[in-house]
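What follows is the content of entry29.cif, which has mmCIF, C-alpha atoms:
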```cif
data_run
loop_
_atom_site.label_atom_id
_atom_site.label_comp_id
_atom_site.auth_asym_id
_atom_site.auth_seq_id
_atom_site.Cartn_x
_atom_site.Cartn_y
_atom_site.Cartn_z
CA GLN A 639 129.60 170.05 69.19
CA ALA A 640 127.01 169.54 71.89
CA ASN A 641 124.51 168.79 69.19
CA LEU A 642 126.89 166.36 67.65
CA LYS A 643 127.31 164.62 71.00
CA ALA A 644 123.60 164.71 71.53
CA ASN A 645 123.06 163.21 68.13
CA SER A 646 125.73 160.65 68.83
CA ALA A 647 124.13 159.86 72.16
CA ALA A 648 120.72 159.62 70.55
CA GLU A 649 122.13 157.38 67.90
CA VAL A 650 123.77 155.22 70.53
CA MET A 651 120.58 155.10 72.49
CA SER A 652 118.69 154.14 69.34
CA LYS A 653 121.15 151.38 68.63
CA MET A 654 120.95 150.21 72.23
CA ASP A 655 117.17 150.11 72.01
CA LYS A 656 117.41 148.26 68.77
CA LEU A 657 119.92 145.85 70.30
CA GLN A 658 117.70 145.38 73.32
CA GLY A 659 114.72 144.71 71.03
CA ASP A 660 116.83 142.20 69.12
CA MET A 661 117.91 140.66 72.42
CA ARG A 662 114.31 140.32 73.54
CA ASN A 663 113.36 138.76 70.22
CA LYS A 664 116.32 136.38 70.45
CA ASN A 665 115.38 135.53 74.05
CA MET A 666 111.81 134.84 72.98
CA GLU A 667 113.01 132.69 70.09
CA LEU A 668 115.39 130.93 72.43
CA ALA A 669 112.55 130.35 74.91
CA ASP A 670 110.39 128.94 72.09
CA MET A 671 113.21 126.66 70.98
CA MET A 672 113.75 125.48 74.55
CA ARG A 673 110.04 124.72 74.87
CA GLU A 674 110.15 122.82 71.59
CA ARG A 675 113.21 120.97 72.85
CA ASP A 676 111.52 120.10 76.12
CA ARG A 677 108.39 118.94 74.30
CA ALA A 678 110.47 116.84 71.90
CA MET A 679 112.41 115.36 74.80
CA ALA A 680 109.13 114.58 76.57
CA ASP A 681 107.73 112.92 73.42
CA LEU A 682 110.96 110.93 73.03
CA GLN A 683 110.83 109.83 76.66
CA ARG A 684 107.18 108.83 76.28
CA LEU A 685 107.95 106.84 73.11
CA GLU A 686 110.87 105.12 74.82
CA ASN A 687 108.70 104.24 77.81
CA SER A 688 105.90 102.93 75.53
CA ARG A 689 108.38 100.83 73.51
CA ALA A 690 109.87 99.39 76.70
CA ASP A 691 106.37 98.48 77.91
CA ASP A 692 105.54 96.85 74.57
CA LEU A 693 108.80 94.90 74.60
CA GLU A 694 108.14 93.72 78.14
CA ARG A 695 104.60 92.67 77.25
CA LEU A 696 105.80 90.83 74.14
CA ARG A 697 108.52 89.12 76.18
CA ARG A 698 105.95 87.95 78.74
CA ASP A 699 103.63 86.73 75.95
CA LEU A 700 106.50 84.86 74.35
CA GLU A 701 107.42 83.19 77.62
CA ASP A 702 103.77 82.24 78.22
CA SER A 703 103.51 80.81 74.71
CA GLU A 704 106.69 78.78 75.19
CA ASP A 705 105.40 77.46 78.53
CA ARG A 706 102.07 76.43 76.94
CA ALA A 707 103.87 74.79 74.00
CA ARG A 708 106.09 72.79 76.37
CA GLU A 709 103.10 71.76 78.48
CA LEU A 710 101.11 70.75 75.38
CA SER A 711 104.07 68.75 74.06
CA ARG A 712 104.38 66.90 77.36
CA ASN A 713 100.63 66.17 77.42
CA ARG A 714 100.56 64.92 73.81
CA GLY A 715 103.59 62.75 74.42
CA SER A 716 101.97 61.24 77.52
CA GLU A 717 98.70 60.63 75.64
CA ALA A 718 100.56 59.00 72.76
CA GLN A 719 102.43 56.72 75.16
CA ASP A 720 99.19 55.75 76.90
CA MET A 721 97.44 55.03 73.60
CA LEU A 722 100.43 53.04 72.36
CA ARG A 723 100.47 50.95 75.55
CA LYS A 724 96.72 50.35 75.22
CA PHE A 725 97.09 49.40 71.57
CA ASN A 726 99.92 46.97 72.34
CA GLY A 727 97.85 45.40 75.13
CA GLU A 728 94.84 44.89 72.86
CA LYS A 729 97.10 43.60 70.08
CA ASP A 730 98.60 41.02 72.47
CA ALA A 731 95.10 39.98 73.56
CA LEU A 732 93.99 39.57 69.94
CA GLN A 733 97.14 37.60 69.18
CA ARG A 734 96.40 35.27 72.09
CA GLN A 735 92.83 34.81 70.84
CA LEU A 736 94.17 34.09 67.35
CA ASP A 737 96.58 31.51 68.75
CA ASP A 738 93.76 29.86 70.70
CA ARG A 739 91.56 29.74 67.59
CA ALA A 740 94.45 28.31 65.57
CA ALA A 741 94.98 25.62 68.20
CA GLU A 742 91.27 24.77 68.15
CA ALA A 743 91.31 24.64 64.35
CA GLU A 744 94.35 22.35 64.42
CA GLN A 745 92.64 20.05 66.91
CA LEU A 746 89.51 19.93 64.75
CA ARG A 747 91.64 19.21 61.70
CA ARG A 748 93.34 16.29 63.45
CA GLU A 749 89.95 14.96 64.53
CA LEU A 750 88.68 15.27 60.95
CA ASP A 751 91.76 13.45 59.64
CA ARG A 752 91.19 10.67 62.17
CA LEU A 753 87.53 10.30 61.19
CA ARG A 754 88.44 10.40 57.52
CA ALA A 755 91.06 7.67 58.04
CA GLU A 756 88.50 5.53 59.89
CA HIS A 757 86.00 6.08 57.09
CA GLU A 758 88.54 5.14 54.45
CA LEU A 759 89.41 2.00 56.41
CA GLN A 760 85.75 1.04 56.67
CA HIS A 761 85.25 1.77 52.99
CA GLN A 762 88.27 -0.34 52.05
CA THR A 763 87.02 -3.16 54.28
CA LYS A 764 83.61 -3.05 52.65
CA ASP A 765 85.21 -3.04 49.20
CA ASP A 766 87.27 -6.09 50.13
CA GLU A 767 84.23 -7.89 51.46
CA MET A 768 82.28 -7.02 48.34
CA ALA A 769 85.12 -8.26 46.14
CA VAL A 770 85.25 -11.53 48.03
CA LEU A 771 81.49 -11.93 47.83
CA GLN A 772 81.52 -11.05 44.13
CA ALA A 773 84.26 -13.59 43.47
CA GLY A 774 82.36 -16.26 45.40
CA MET A 775 79.18 -15.54 43.51
CA ASP A 776 80.96 -15.56 40.17
CA HIS A 777 82.55 -18.88 41.05
CA SER A 778 79.14 -20.30 42.02
CA ILE A 779 77.59 -19.08 38.77
CA VAL A 780 80.39 -20.61 36.71
CA ALA A 781 80.14 -23.88 38.65
CA MET A 782 76.37 -24.03 38.18
CA ALA A 783 76.69 -23.21 34.49
CA ASN A 784 79.27 -25.96 34.03
CA LEU A 785 77.10 -28.38 35.95
CA LYS A 786 74.17 -27.44 33.75
CA LYS A 787 76.18 -28.15 30.64
CA GLN A 788 77.29 -31.50 32.04
CA MET A 789 73.84 -32.59 33.11
CA GLY A 790 72.13 -31.49 29.87
CA GLY A 791 69.03 -29.43 29.27
CA GLY A 792 66.50 -32.11 30.13
CA GLN A 793 66.68 -31.74 33.90
CA SER A 794 64.14 -29.08 34.76
CA ASP A 795 64.71 -29.39 38.51
CA LEU A 796 68.34 -28.41 38.12
CA GLN A 797 67.28 -25.52 35.89
CA ARG A 798 64.95 -24.25 38.59
CA ARG A 799 67.67 -24.53 41.18
CA LEU A 800 70.05 -22.67 38.91
CA ASP A 801 67.50 -19.93 38.30
CA SER A 802 66.94 -19.68 42.02
CA VAL A 803 70.67 -19.34 42.66
CA LEU A 804 70.93 -16.68 39.95
CA ALA A 805 67.98 -14.76 41.38
CA GLU A 806 69.44 -14.95 44.88
CA HIS A 807 72.78 -13.80 43.56
CA ALA A 808 71.18 -10.80 41.80
CA LEU A 809 69.26 -9.95 44.98
CA LYS A 810 72.46 -9.99 47.03
CA LEU A 811 74.17 -7.77 44.49
CA ARG A 812 71.30 -5.29 44.66
CA ARG A 813 71.52 -5.33 48.45
CA ILE A 814 75.24 -4.64 48.25
CA LEU A 815 74.57 -1.75 45.87
CA ASP A 816 71.84 -0.41 48.16
CA SER A 817 74.18 -0.64 51.15
CA ILE A 818 76.90 1.29 49.33
CA LEU A 819 74.40 3.92 48.16
CA ARG A 820 73.11 4.32 51.74
CA SER A 821 76.72 4.70 52.91
CA CYS A 822 77.26 7.42 50.28
CA ALA A 823 74.06 9.16 51.42
CA ASP A 824 75.22 9.00 55.04
CA LYS A 825 78.58 10.43 54.04
CA THR A 826 76.84 13.29 52.24
CA ASP A 827 74.68 13.93 55.32
CA GLU A 828 77.82 14.08 57.43
CA ALA A 829 79.35 16.60 55.01
CA VAL A 830 76.18 18.74 55.21
CA PHE A 831 76.30 18.55 59.01
CA ASN A 832 79.92 19.77 59.01
CA LEU A 833 78.88 22.54 56.61
CA ASN A 834 76.17 23.73 59.02
CA ASP A 835 78.38 23.34 62.11
CA PRO A 836 79.59 26.82 63.24
CA GLY A 837 82.57 25.25 64.97
CA ASN A 838 83.83 23.63 61.75
CA PRO A 839 85.70 26.23 59.65
CA GLY A 840 86.09 23.94 56.65
CA ASN A 841 89.29 23.79 54.61
CA MET A 842 90.95 27.06 55.64
CA THR A 843 93.75 26.56 53.08
CA ALA A 844 91.33 26.34 50.13
CA THR A 845 91.72 28.85 47.31
CA VAL A 846 89.25 29.97 44.67
CA GLU A 847 91.17 28.09 41.98
CA HIS A 848 91.13 24.88 44.03
CA VAL A 849 87.39 25.25 44.67
CA LEU A 850 86.69 25.74 40.96
CA ALA A 851 88.68 22.58 40.21
CA THR A 852 86.67 20.70 42.85
CA VAL A 853 83.38 21.93 41.34
CA GLU A 854 84.53 20.81 37.88
CA GLN A 855 85.41 17.40 39.30
CA ALA A 856 81.93 17.15 40.86
CA HIS A 857 80.47 18.01 37.43
CA ASP A 858 82.32 15.10 35.84
CA LEU A 859 81.49 12.68 38.67
CA GLY A 860 77.77 13.54 38.40
CA LYS A 861 77.80 12.89 34.67
CA MET A 862 79.74 9.65 35.20
CA LEU A 863 77.24 8.41 37.80
CA SER A 864 74.32 9.32 35.57
CA SER A 865 75.81 7.41 32.61
CA SER A 866 76.69 4.34 34.69
CA PHE A 867 73.20 4.33 36.26
CA ALA A 868 71.64 4.52 32.81
CA ARG A 869 73.66 1.52 31.65
CA TYR A 870 72.86 -0.39 34.84
CA LEU A 871 69.12 0.26 34.49
CA THR A 872 69.27 -1.11 30.97
CA ASN A 873 70.62 -4.40 32.38
CA PRO A 874 69.97 -4.63 36.17
CA ASP A 875 71.63 -8.05 36.34
CA GLY A 876 74.82 -6.72 34.74
CA ASP A 877 78.00 -5.30 36.21
CA GLN A 878 77.54 -2.89 39.13
CA THR A 879 81.14 -1.88 39.65
CA GLU A 880 80.83 1.27 37.51
CA VAL A 881 77.82 2.47 39.52
CA ILE A 882 79.59 1.73 42.81
CA ALA A 883 82.81 3.48 41.79
CA ALA A 884 80.94 6.52 40.45
CA ALA A 885 78.71 6.76 43.55
CA VAL A 886 81.67 6.54 45.94
CA GLY A 887 83.57 9.08 43.85
CA LEU A 888 80.64 11.52 43.86
CA SER A 889 80.14 11.24 47.63
CA ASN A 890 83.86 11.91 48.21
CA GLY A 891 83.74 14.78 45.72
CA LEU A 892 80.74 16.37 47.45
CA GLU A 893 82.43 16.03 50.85
CA HIS A 894 85.58 17.76 49.61
CA LEU A 895 83.52 20.37 47.77
CA LEU A 896 81.53 21.36 50.88
CA ALA A 897 84.68 21.58 53.03
CA ASN A 898 86.42 23.73 50.42
CA MET A 899 83.40 25.99 49.86
CA LYS A 900 83.06 26.64 53.59
CA GLY A 901 86.78 27.33 53.86
CA VAL A 902 86.84 29.72 50.90
CA SER A 903 83.81 31.60 52.24
CA ARG A 904 86.27 33.43 54.52
CA LEU A 905 87.12 35.53 51.46
CA ALA A 906 83.52 36.73 51.06
CA ASN A 907 82.63 40.41 51.54
CA GLY A 908 79.71 40.34 53.96
CA GLU A 909 77.58 37.82 55.80
CA ASP A 910 74.96 37.75 53.02
CA VAL A 911 77.53 36.39 50.57
CA VAL A 912 78.66 33.78 53.11
CA GLU A 913 75.03 32.76 53.63
CA ARG A 914 74.50 32.38 49.88
CA ILE A 915 77.61 30.22 49.57
CA ILE A 916 76.55 27.95 52.45
CA LYS A 917 73.00 27.68 51.12
CA ALA A 918 74.12 26.90 47.55
CA SER A 919 76.63 24.31 48.82
CA ARG A 920 73.99 22.64 50.96
CA GLN A 921 71.55 22.59 48.02
CA ALA A 922 74.15 20.96 45.74
CA ALA A 923 74.89 18.28 48.35
CA LEU A 924 71.19 17.51 48.88
CA VAL A 925 70.64 17.22 45.13
CA GLY A 926 73.63 14.88 44.89
CA ARG A 927 72.21 12.85 47.78
CA GLN A 928 69.10 12.19 45.68
CA PHE A 929 71.31 10.08 43.40
CA PHE A 930 72.00 7.76 46.33
CA THR A 931 68.40 7.59 47.60
CA LYS A 932 66.50 7.43 44.31
CA GLY A 933 68.99 4.95 42.86
CA GLN A 934 68.31 2.29 45.51
CA SER A 935 66.36 -0.76 44.44
CA GLY A 936 63.42 -0.04 46.75
CA ALA A 937 62.90 3.40 45.19
CA MET A 938 63.40 2.10 41.65
CA GLU A 939 60.90 -0.73 42.07
CA GLN A 940 58.17 1.81 42.87
CA LEU A 941 58.66 3.45 39.45
CA LYS A 942 57.74 2.30 36.01
CA PRO A 943 60.68 1.12 33.88
CA SER A 944 60.13 4.06 31.52
CA GLU A 945 60.38 6.56 34.42
CA ARG A 946 63.62 5.27 35.92
CA HIS A 947 65.92 6.76 33.31
CA SER A 948 64.20 10.15 33.48
CA ILE A 949 64.60 10.27 37.27
CA ILE A 950 68.35 9.81 36.97
CA LEU A 951 68.64 12.33 34.13
CA ASP A 952 66.54 14.93 36.00
CA THR A 953 68.64 14.49 39.13
CA ASN A 954 71.83 14.94 37.13
CA HIS A 955 70.37 18.08 35.50
CA GLU A 956 69.54 19.59 38.92
CA LEU A 957 73.02 18.72 40.17
CA GLN A 958 74.67 20.43 37.21
CA LEU A 959 72.57 23.57 37.78
CA SER A 960 73.48 23.64 41.49
CA LEU A 961 77.16 23.22 40.69
CA GLY A 962 76.88 26.02 38.14
CA THR A 963 75.59 28.30 40.90
CA LEU A 964 78.57 27.34 43.07
CA THR A 965 80.93 28.15 40.21
CA THR A 966 79.42 31.62 39.86
CA LEU A 967 79.71 32.29 43.60
CA ALA A 968 83.30 31.03 43.74
CA GLU A 969 84.37 33.18 40.80
CA SER A 970 82.91 36.28 42.49
CA LEU A 971 85.15 35.92 45.52
CA VAL A 972 88.06 38.30 45.85
CA ARG A 973 90.82 37.64 48.31
CA ARG A 974 91.45 40.43 50.75
CA ASP A 975 94.83 40.79 52.39
CA VAL A 976 94.41 42.16 55.87
CA THR A 977 97.62 40.85 57.39
CA LYS A 978 99.75 43.93 56.72
CA VAL A 979 99.58 47.37 58.32
CA SER A 980 101.66 50.08 56.65
CA VAL A 981 102.15 53.76 57.32
CA THR A 982 102.27 55.71 54.07
CA ASN A 983 102.26 59.21 55.51
CA THR A 984 105.34 59.76 57.64
CA SER A 985 104.14 63.18 58.74
CA GLU A 986 101.00 61.74 60.34
CA ASP A 987 100.62 62.21 64.07
CA ILE A 988 101.40 59.07 66.07
CA SER A 989 98.25 59.45 68.17
CA ASP A 990 96.06 59.57 65.06
CA LEU A 991 97.78 56.48 63.65
CA VAL A 992 97.34 54.53 66.88
CA GLU A 993 93.71 55.56 67.18
CA ARG A 994 92.96 54.50 63.58
CA GLU A 995 94.63 51.12 64.01
CA MET A 996 92.74 50.52 67.27
CA LEU A 997 89.44 51.34 65.59
CA SER A 998 90.28 48.97 62.71
CA ALA A 999 91.09 46.18 65.16
CA ALA A 1000 87.84 46.82 67.06
CA ARG A 1001 85.81 46.68 63.83
CA ALA A 1002 87.49 43.39 62.87
CA ILE A 1003 86.63 41.89 66.28
CA ASP A 1004 83.01 43.05 66.02
CA GLU A 1005 82.64 41.56 62.54
CA ALA A 1006 84.10 38.23 63.71
CA VAL A 1007 81.75 38.10 66.72
CA MET A 1008 78.70 38.91 64.55
CA ARG A 1009 79.71 36.20 62.08
CA LEU A 1010 80.09 33.58 64.81
CA GLN A 1011 76.73 34.55 66.32
CA SER A 1012 74.97 34.34 62.95
CA LEU A 1013 76.48 30.91 62.29
CA ALA A 1014 75.51 29.72 65.76
CA ASN A 1015 71.90 30.85 65.21
CA GLN A 1016 71.50 28.94 61.96
CA PRO A 1017 68.73 26.30 62.10
CA ARG A 1018 69.69 22.67 61.84
CA ASP A 1019 69.10 20.85 58.59
CA SER A 1020 65.86 18.86 58.92
CA SER A 1021 67.13 16.22 56.47
CA LEU A 1022 69.80 14.99 58.93
CA THR A 1023 69.15 11.92 61.08
CA ASP A 1024 69.30 11.92 64.88
CA ARG A 1025 72.48 9.87 64.80
CA GLN A 1026 74.22 12.40 62.56
CA VAL A 1027 73.08 15.32 64.67
CA GLN A 1028 74.55 13.65 67.74
#
```
For the file at hand, write its structure as structure tokens.
Amino acid sequence: QANLKANSAAEVMSKMDKLQGDMRNKNMELADMMRERDRAMADLQRLENSRADDLERLRRDLEDSEDRARELSRNRGSEAQDMLRKFNGEKDALQRQLDDRAAEAEQLRRELDRLRAEHELQHQTKDDEMAVLQAGMDHSIVAMANLKKQMGGGQSDLQRRLDSVLAEHALKLRRILDSILRSCADKTDEAVFNLNDPGNPGNMTATVEHVLATVEQAHDLGKMLSSSFARYLTNPDGDQTEVIAAAVGLSNGLEHLLANMKGVSRLANGEDVVERIIKASRQAALVGRQFFTKGQSGAMEQLKPSERHSIILDTNHELQLSLGTLTTLAESLVRRDVTKVSVTNTSEDISDLVEREMLSAARAIDEAVMRLQSLANQPRDSSLTDRQVQ
């Protein structure tokens, strides 16, 4: 029984040792688990702290970005307002300059209308005087012819007197024709002077179609004057009314042509094209003026009868060539519409739009100033008289 108790006690002791070993193992496992827990809790705390720091940094960055965006928006708005005010100021200044130029152009137009009315009055007065003189001369010729018939052909003294009267009458008619031709030449010189004058803008309402019609009219008037001159040279003592009417018509046509060509030159692209138009117009007027100078009796008397017709035909040929050049230049013009400003891109920044429009206005002003300076520096036409230059 003592052995049984000893065995039982040994067994109990063995179990207790085993339990104690299990307890130690469990305590060690528990200690390991607690360390793992503490390490996990430390990692979690560190991650939470790092996330909080990141969130705080991102929040500060977001606030800084919002502050910069608001500041930039305020600055851009202020710049846009300043540029818009500057643009409106320059636009008002340009509008005032345009109004001043329009007033000057209107004043020049009224002055031109006044001079044209005076010229028409003088021309009408001269026509009336010529008609009266022509009627008086015709009456004298008829009276002398009737007297000759009454007196008979045997009175040589009366015949000589009649021939003298007829010769004097023809001389007066030639003088009248020369005076009208000189007046037409002076009118052409005045038109050339207005063409070369930088302060004279010409007919600003002229269109390309109107200019082409004016050139065609000048074509016809040149041919009409050439034909009437040819008939007059065949019989110098004949009727001069066709020559006078054609000469006056050609001078008026050249005057209108030069004014229209200078006015339509505003549609040209570039100063070189404007210069070609002015030069070709001046050349056509000077060729037409040769009709009025070479057709005078003093110039015709210096030529042989066989050369007189060729002079008129050559002058008409040169005039037709010059007018053909004007037709080509007029047809090459293309009207540009610069009176409208539109915004096609609604998403475009207002500051960029204002800046572009200001640059366009500045370029237009520079081009206008350069054009005025080039016109002011043009040499005067040497063919003009001192009276016309004044």
Q: Please write as a count of residues only the full residue list that the PyMOL selection byres ((chain A and resi 916-926) around 9) yields on this file.
A: 38
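Across the chains present, the PyMOL selection byres ((chain A and resi 854) around 10) applied to this file returns His848, Val849, Leu850, Ala851, Thr852, Val853, Gln855, Ala856, His857, Asp858, Leu859, Gly860, Gly891, Leu895, Gln958, Leu961, Gly962 and Thr965 of chain A.
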Would you mind exporting the chosen residues as a JSON list (two decimals), in the frame of the given file, restricted to C-alpha atoms?
```json
[["chain", "number", "residue", "atom", "x", "y", "z"],
["A", 848, "HIS", "CA", 91.13, 24.88, 44.03],
["A", 849, "VAL", "CA", 87.39, 25.25, 44.67],
["A", 850, "LEU", "CA", 86.69, 25.74, 40.96],
["A", 851, "ALA", "CA", 88.68, 22.58, 40.21],
["A", 852, "THR", "CA", 86.67, 20.70, 42.85],
["A", 853, "VAL", "CA", 83.38, 21.93, 41.34],
["A", 855, "GLN", "CA", 85.41, 17.40, 39.30],
["A", 856, "ALA", "CA", 81.93, 17.15, 40.86],
["A", 857, "HIS", "CA", 80.47, 18.01, 37.43],
["A", 858, "ASP", "CA", 82.32, 15.10, 35.84],
["A", 859, "LEU", "CA", 81.49, 12.68, 38.67],
["A", 860, "GLY", "CA", 77.77, 13.54, 38.40],
["A", 891, "GLY", "CA", 83.74, 14.78, 45.72],
["A", 895, "LEU", "CA", 83.52, 20.37, 47.77],
["A", 958, "GLN", "CA", 74.67, 20.43, 37.21],
["A", 961, "LEU", "CA", 77.16, 23.22, 40.69],
["A", 962, "GLY", "CA", 76.88, 26.02, 38.14],
["A", 965, "THR", "CA", 80.93, 28.15, 40.21]]
```
Q | d(CA of His947 in chain A, CA of Leu871 in chain A) in Å | A | 7.3 Å
**Q.** Residue nearest Leu815 in chain A - candidates A:Thr879, A:Glu756, A:Thr872, A:Asn832, atoms counted: all atoms listed in the file
**A.**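 Of the candidates, the smallest distance to Leu815 in chain A is held by A:Thr879.
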Q: Measure the distance from CA of Phe867 in chain A to CA of Ala755 in chain A in Å and round it to one decimal.
A: 28.4 Å
Q. If you measure from CA of Val902 in chain A to CA of Leu971 in chain A, what distance in Å do you get, rounded to one decimal?
A.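 Going from CA of Val902 in chain A over to CA of Leu971 in chain A, I get 8.4 Å.
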(Q) I'd like the neighbourhood of Asn841 in chain A as a PyMOL selection string, where a residue qualifies if any of its atoms comes within 6 Å (using only C-alpha atoms), though same-chain residues fewer than 6 positions away should be ignored. (A) chain A and resi 897-898+901
Would you save the residues from that selection as a PDB file, keeping the file's coordinate frame, using C-alpha atoms?
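Final file, part_15.pdb:
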```pdb
ATOM      1  CA  ALA A 897      84.680  21.580  53.030  1.00  0.00           C
ATOM      2  CA  ASN A 898      86.420  23.730  50.420  1.00  0.00           C
ATOM      3  CA  GLY A 901      86.780  27.330  53.860  1.00  0.00           C
TER       4      GLY A 901
END
```
(Q) For a quick check of your reading of the model, name the residues lying within 12 Å of the coordinate (70.9, -1.7, 51.2), counting all atoms listed in the file, and write them as an MDAnalysis selection string. (A) chainID A and resid 809:823 930:931 933:937
**Q.** Nearest-residue call for His757 in chain A, choices A:Ala669, A:Val886, A:Met938, A:Leu693, using all atoms listed in the file
**A.**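 Selected residue with least distance to His757 in chain A: A:Val886.
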